[in-house]
$ cat work_29.pdb   # PDB, C-alpha atoms
ATOM      1  CA  MET B   1      12.084   3.412 236.360
ATOM      2  CA  ARG B   2      13.070   3.482 232.703
ATOM      3  CA  GLU B   3      11.260   6.058 230.574
ATOM      4  CA  ASP B   4      11.911   4.353 227.241
ATOM      5  CA  ASN B   5      10.544   0.987 226.178
ATOM      6  CA  ARG B   6      13.924  -0.672 225.780
ATOM      7  CA  MET B   7      14.991  -3.633 227.859
ATOM      8  CA  ASP B   8      18.179  -3.394 229.858
ATOM      9  CA  SER B   9      20.854  -6.063 229.600
ATOM     10  CA  GLN B  10      20.329  -7.273 233.174
ATOM     11  CA  PHE B  11      16.679  -7.949 232.400
ATOM     12  CA  LEU B  12      17.578  -9.854 229.248
ATOM     13  CA  GLU B  13      20.144 -11.947 231.128
ATOM     14  CA  PHE B  14      17.673 -12.586 233.961
ATOM     15  CA  TRP B  15      14.873 -13.395 231.543
ATOM     16  CA  GLY B  16      17.033 -15.671 229.415
ATOM     17  CA  ASN B  17      18.060 -17.678 232.445
ATOM     18  CA  TYR B  18      14.525 -17.730 233.728
ATOM     19  CA  LEU B  19      13.135 -18.997 230.407
ATOM     20  CA  LEU B  20      15.715 -21.764 230.416
ATOM     21  CA  ALA B  21      14.649 -22.668 233.905
ATOM     22  CA  ALA B  22      10.957 -22.289 232.978
ATOM     23  CA  ALA B  23      11.327 -25.085 230.483
ATOM     24  CA  LYS B  24      11.385 -27.311 233.564
ATOM     25  CA  GLY B  25       7.768 -26.640 234.368
ATOM     26  CA  GLN B  26       4.697 -24.422 234.373
ATOM     27  CA  LYS B  27       4.883 -23.967 238.121
ATOM     28  CA  GLN B  28       7.771 -21.553 237.730
ATOM     29  CA  LEU B  29       5.654 -19.269 235.522
ATOM     30  CA  GLU B  30       2.931 -19.288 238.137
ATOM     31  CA  ASP B  31       5.544 -18.530 240.790
ATOM     32  CA  LEU B  32       6.876 -15.628 238.709
ATOM     33  CA  ASN B  33       3.404 -14.110 238.398
ATOM     34  CA  GLN B  34       2.806 -14.428 242.120
ATOM     35  CA  TRP B  35       6.296 -13.060 242.881
ATOM     36  CA  ILE B  36       5.634  -9.951 240.781
ATOM     37  CA  ARG B  37       2.143  -9.454 242.294
ATOM     38  CA  GLN B  38       3.692  -9.656 245.784
ATOM     39  CA  GLY B  39       6.147  -6.884 244.993
ATOM     40  CA  PHE B  40       9.126  -9.133 244.116
ATOM     41  CA  SER B  41       9.008 -11.001 247.387
ATOM     42  CA  GLY B  42       7.975 -14.408 248.636
ATOM     43  CA  PHE B  43      10.108 -16.523 246.280
ATOM     44  CA  GLU B  44      13.665 -16.321 247.495
ATOM     45  CA  GLU B  45      15.125 -18.078 244.442
ATOM     46  CA  LEU B  46      13.678 -15.422 242.119
ATOM     47  CA  THR B  47      14.644 -12.634 244.479
ATOM     48  CA  ALA B  48      18.230 -13.947 244.650
ATOM     49  CA  MET B  49      18.371 -14.211 240.850
ATOM     50  CA  LEU B  50      17.115 -10.626 240.453
ATOM     51  CA  LYS B  51      19.659  -9.363 242.996
ATOM     52  CA  LYS B  52      22.433 -11.285 241.245
ATOM     53  CA  PHE B  53      21.723  -9.920 237.767
ATOM     54  CA  TYR B  54      21.057  -6.377 238.944
ATOM     55  CA  GLY B  55      24.028  -6.384 241.329
ATOM     56  CA  ILE B  56      22.160  -5.280 244.439
ATOM     57  CA  ASP B  57      21.833  -6.311 248.040
ATOM     58  CA  ALA B  58      18.547  -7.058 249.743
ATOM     59  CA  PRO B  59      17.024  -3.912 251.201
ATOM     60  CA  ARG B  60      17.766  -3.263 254.816
ATOM     61  CA  ASN B  61      15.536  -1.091 256.936
ATOM     62  CA  SER B  62      18.407   1.219 257.935
ATOM     63  CA  ASP B  63      20.107   1.457 254.528
ATOM     64  CA  ALA B  64      18.259   3.959 252.287
ATOM     65  CA  ASP B  65      20.695   3.456 249.375
ATOM     66  CA  SER B  66      20.130  -0.295 249.400
ATOM     67  CA  THR B  67      16.370   0.225 249.526
ATOM     68  CA  ASN B  68      16.513   2.706 246.636
ATOM     69  CA  ALA B  69      18.670   0.336 244.590
ATOM     70  CA  TRP B  70      16.175  -2.466 245.219
ATOM     71  CA  GLN B  71      13.201  -0.268 244.273
ATOM     72  CA  ASN B  72      14.969   0.961 241.130
ATOM     73  CA  ALA B  73      15.867  -2.586 240.110
ATOM     74  CA  ALA B  74      12.284  -3.749 240.658
ATOM     75  CA  ALA B  75      10.956  -0.797 238.623
ATOM     76  CA  ASP B  76      13.483  -1.410 235.829
ATOM     77  CA  PHE B  77      12.606  -5.102 235.820
ATOM     78  CA  GLN B  78       8.863  -4.346 235.631
ATOM     79  CA  SER B  79       9.439  -1.814 232.849
ATOM     80  CA  SER B  80      11.571  -4.281 230.896
ATOM     81  CA  LEU B  81       9.011  -7.036 231.424
ATOM     82  CA  ASP B  82       6.301  -4.747 230.057
ATOM     83  CA  ALA B  83       8.508  -3.959 227.025
ATOM     84  CA  TYR B  84       9.152  -7.676 226.484
ATOM     85  CA  LEU B  85       5.448  -8.486 226.655
ATOM     86  CA  THR B  86       4.701  -5.626 224.246
ATOM     87  CA  LEU B  87       7.198  -7.074 221.765
ATOM     88  CA  MET B  88       5.306 -10.359 221.997
ATOM     89  CA  GLY B  89       2.026  -8.525 221.330
ATOM     90  CA  LEU B  90       0.790  -8.848 224.916
ATOM     91  CA  ILE B  91      -0.200  -6.206 227.415
ATOM     92  CA  PRO B  92      -0.102  -6.400 231.209
ATOM     93  CA  GLN B  93      -3.431  -7.069 232.925
ATOM     94  CA  GLU B  94      -3.316  -3.715 234.715
ATOM     95  CA  LYS B  95      -3.101  -1.850 231.410
ATOM     96  CA  TYR B  96      -5.838  -4.024 229.937
ATOM     97  CA  ARG B  97      -8.140  -3.340 232.884
ATOM     98  CA  ALA B  98      -7.415   0.388 232.668
ATOM     99  CA  LEU B  99      -8.244   0.363 228.960
ATOM    100  CA  GLU B 100     -11.373  -1.665 229.639
ATOM    101  CA  LYS B 101     -12.549   0.910 232.209
ATOM    102  CA  LYS B 102     -11.727   3.753 229.835
ATOM    103  CA  TYR B 103     -13.643   2.003 227.040
ATOM    104  CA  ALA B 104     -16.692   1.510 229.274
ATOM    105  CA  ALA B 105     -16.580   5.169 230.324
ATOM    106  CA  LEU B 106     -16.360   6.234 226.679
ATOM    107  CA  GLN B 107     -19.302   3.984 225.793
ATOM    108  CA  ASN B 108     -21.349   5.685 228.517
ATOM    109  CA  LYS B 109     -20.274   9.104 227.258
ATOM    110  CA  VAL B 110     -21.231   8.184 223.683
ATOM    111  CA  ALA B 111     -24.641   6.987 224.886
ATOM    112  CA  GLU B 112     -25.167  10.248 226.795
ATOM    113  CA  LEU B 113     -24.122  12.300 223.766
ATOM    114  CA  ALA B 114     -26.417  10.261 221.504
ATOM    115  CA  ASP B 115     -29.305  10.965 223.902
ATOM    116  CA  THR B 116     -28.438  14.671 223.911
ATOM    117  CA  ILE B 117     -28.329  14.729 220.107
ATOM    118  CA  LYS B 118     -31.721  13.003 219.986
ATOM    119  CA  VAL B 119     -33.228  15.571 222.377
ATOM    120  CA  LEU B 120     -31.723  18.464 220.411
ATOM    121  CA  ARG B 121     -32.995  17.047 217.119
ATOM    122  CA  ASN B 122     -36.477  16.682 218.597
ATOM    123  CA  LEU B 123     -36.338  20.271 219.847
ATOM    124  CA  LEU B 124     -35.168  21.458 216.454
ATOM    125  CA  ALA B 125     -37.956  19.537 214.749
ATOM    126  CA  GLU B 126     -40.507  21.063 217.136
ATOM    127  CA  LYS B 127     -38.996  24.500 216.626
ATOM    128  CA  GLY B 128     -39.153  23.960 212.881
ATOM    129  CA  THR B 129     -42.856  23.106 213.239
ATOM    130  CA  TYR B 130     -43.449  26.296 215.185
ATOM    131  CA  GLN B 131     -41.588  28.244 212.543
ATOM    132  CA  GLY B 132     -43.745  26.661 209.859
ATOM    133  CA  GLU B 133     -46.891  27.532 211.781
ATOM    134  CA  THR B 134     -45.625  31.044 212.399
ATOM    135  CA  THR B 135     -44.912  31.478 208.702
ATOM    136  CA  LYS B 136     -48.414  30.223 207.863
ATOM    137  CA  VAL B 137     -50.025  32.620 210.365
ATOM    138  CA  PHE B 138     -47.928  35.486 209.022
ATOM    139  CA  GLN B 139     -48.875  34.612 205.424
ATOM    140  CA  ASP B 140     -52.572  34.522 206.412
ATOM    141  CA  LEU B 141     -52.148  37.924 208.018
ATOM    142  CA  VAL B 142     -50.529  39.341 204.881
ATOM    143  CA  ASN B 143     -53.334  37.881 202.727
ATOM    144  CA  ARG B 144     -56.042  39.386 204.981
ATOM    145  CA  GLN B 145     -54.288  42.751 204.925
ATOM    146  CA  ALA B 146     -54.069  42.577 201.127
ATOM    147  CA  GLU B 147     -57.798  41.759 200.936
ATOM    148  CA  ALA B 148     -58.607  44.571 203.356
ATOM    149  CA  PHE B 149     -56.482  46.984 201.343
ATOM    150  CA  GLU B 150     -58.218  45.873 198.130
ATOM    151  CA  THR B 151     -61.601  46.337 199.779
ATOM    152  CA  LEU B 152     -60.508  49.767 200.984
ATOM    153  CA  MET B 153     -59.393  50.753 197.494
ATOM    154  CA  GLN B 154     -62.678  49.542 196.013
ATOM    155  CA  ASN B 155     -64.615  51.553 198.573
ATOM    156  CA  ILE B 156     -62.551  54.652 197.849
ATOM    157  CA  SER B 157     -63.144  54.163 194.121
ATOM    158  CA  ALA B 158     -66.851  53.744 194.752
ATOM    159  CA  VAL B 159     -66.948  56.956 196.819
ATOM    160  CA  ASP B 160     -65.107  58.818 194.036
ATOM    161  CA  LYS B 161     -67.574  57.546 191.438
ATOM    162  CA  ASP B 162     -70.495  58.643 193.586
ATOM    163  CA  LYS B 163     -69.097  62.172 193.814
ATOM    164  CA  GLU B 164     -69.010  62.485 190.115
TER
END
$ encode --input "work_29.pdb" --output "structure tokens"
Amino acid sequence: MREDNRMDSQFLEFWGNYLLAAAKGQKQLEDLNQWIRQGFSGFEELTAMLKKFYGIDAPRNSDADSTNAWQNAAADFQSSLDAYLTLMGLIPQEKYRALEKKYAALQNKVAELADTIKVLRNLLAEKGTYQGETTKVFQDLVNRQAEAFETLMQNISAVDKDKE
């Protein structure tokens, strides 16, 4: 399978001839889609055309090289078809479905994270309330201690005045 997104010359020659033939009717496009979905089998005319332009023989059960050549040609063809569709601004259905699933999963993740943020904000708000109450209680304590200290100082002053 080709790693780059370029189309090989055999694909272009095959595709050019196919498009010329496709002008004869929509049925051929439907046949091409079915042929690809069936793993490049079931439509002997298309299979023969692919073999012709890629210079390969039909795979034989006992011939591993022939089978590998067929698999490589099919992979190169599929890769080139994907590149061609990309140039036209289209994406294969499999990629679209994969992106759709990924998008749905990300939407779920975003919803979960939004819920988590909401819970954390609520906890922070509650914690802030407790901190405010704690500060108020502490301030009341400081005020009572200051009053008690003032009362103590007044009592000490009163005792000192009585001694005099």
$ atom_distance --input "work_29.pdb" --atom1 "CA of Thr116 in chain B" --atom2 "CA of Ala104 in chain B"
18.4 Å
$ residues_around --input "work_29.pdb" --residues "Trp35 in chain B" --least-positions-apart "6" --cutoff "9 Å" --atoms "all atoms listed in the file" --output "compact mmCIF listing (two decimals) with C-alpha atoms, keeping the file's coordinate frame"
# COMPACT_ATOMS: atom_id res chain seq x y z
CA SER B 41 9.01 -11.00 247.39
CA GLY B 42 7.98 -14.41 248.64
CA PHE B 43 10.11 -16.52 246.28
CA LEU B 46 13.68 -15.42 242.12
CA THR B 47 14.64 -12.63 244.48
$ residues_around --input "work_29.pdb" --residues "range 12-20 of chain B" --least-positions-apart "6" --cutoff "10 Å" --atoms "only C-alpha atoms" --output "number ranges by chain"
B: 28-29, 32, 46, 49-54, 77, 80-81, 84
$ axis_aligned_box --input "work_29.pdb" --around "range 147-153 of chain B" --padding-each-side "4 Å" --output "AutoDock Vina command-line options"
--center_x -59.0 --center_y 46.3 --center_z 200.4 --size_x 13.1 --size_y 17.0 --size_z 13.9
$ atom_distance --input "work_29.pdb" --atom1 "CA of Pro92 in chain B" --atom2 "CA of Asp76 in chain B"
15.2 Å
$ atom_distance --input "work_29.pdb" --atom1 "CA of Lys95 in chain B" --atom2 "CA of Asp82 in chain B"
9.9 Å
$ closest_residue --input "work_29.pdb" --among "B:Asp8, B:Leu120, B:Gly89, B:Glu133" --to "Ala73 in chain B" --atoms "only C-alpha atoms"
B:Asp8
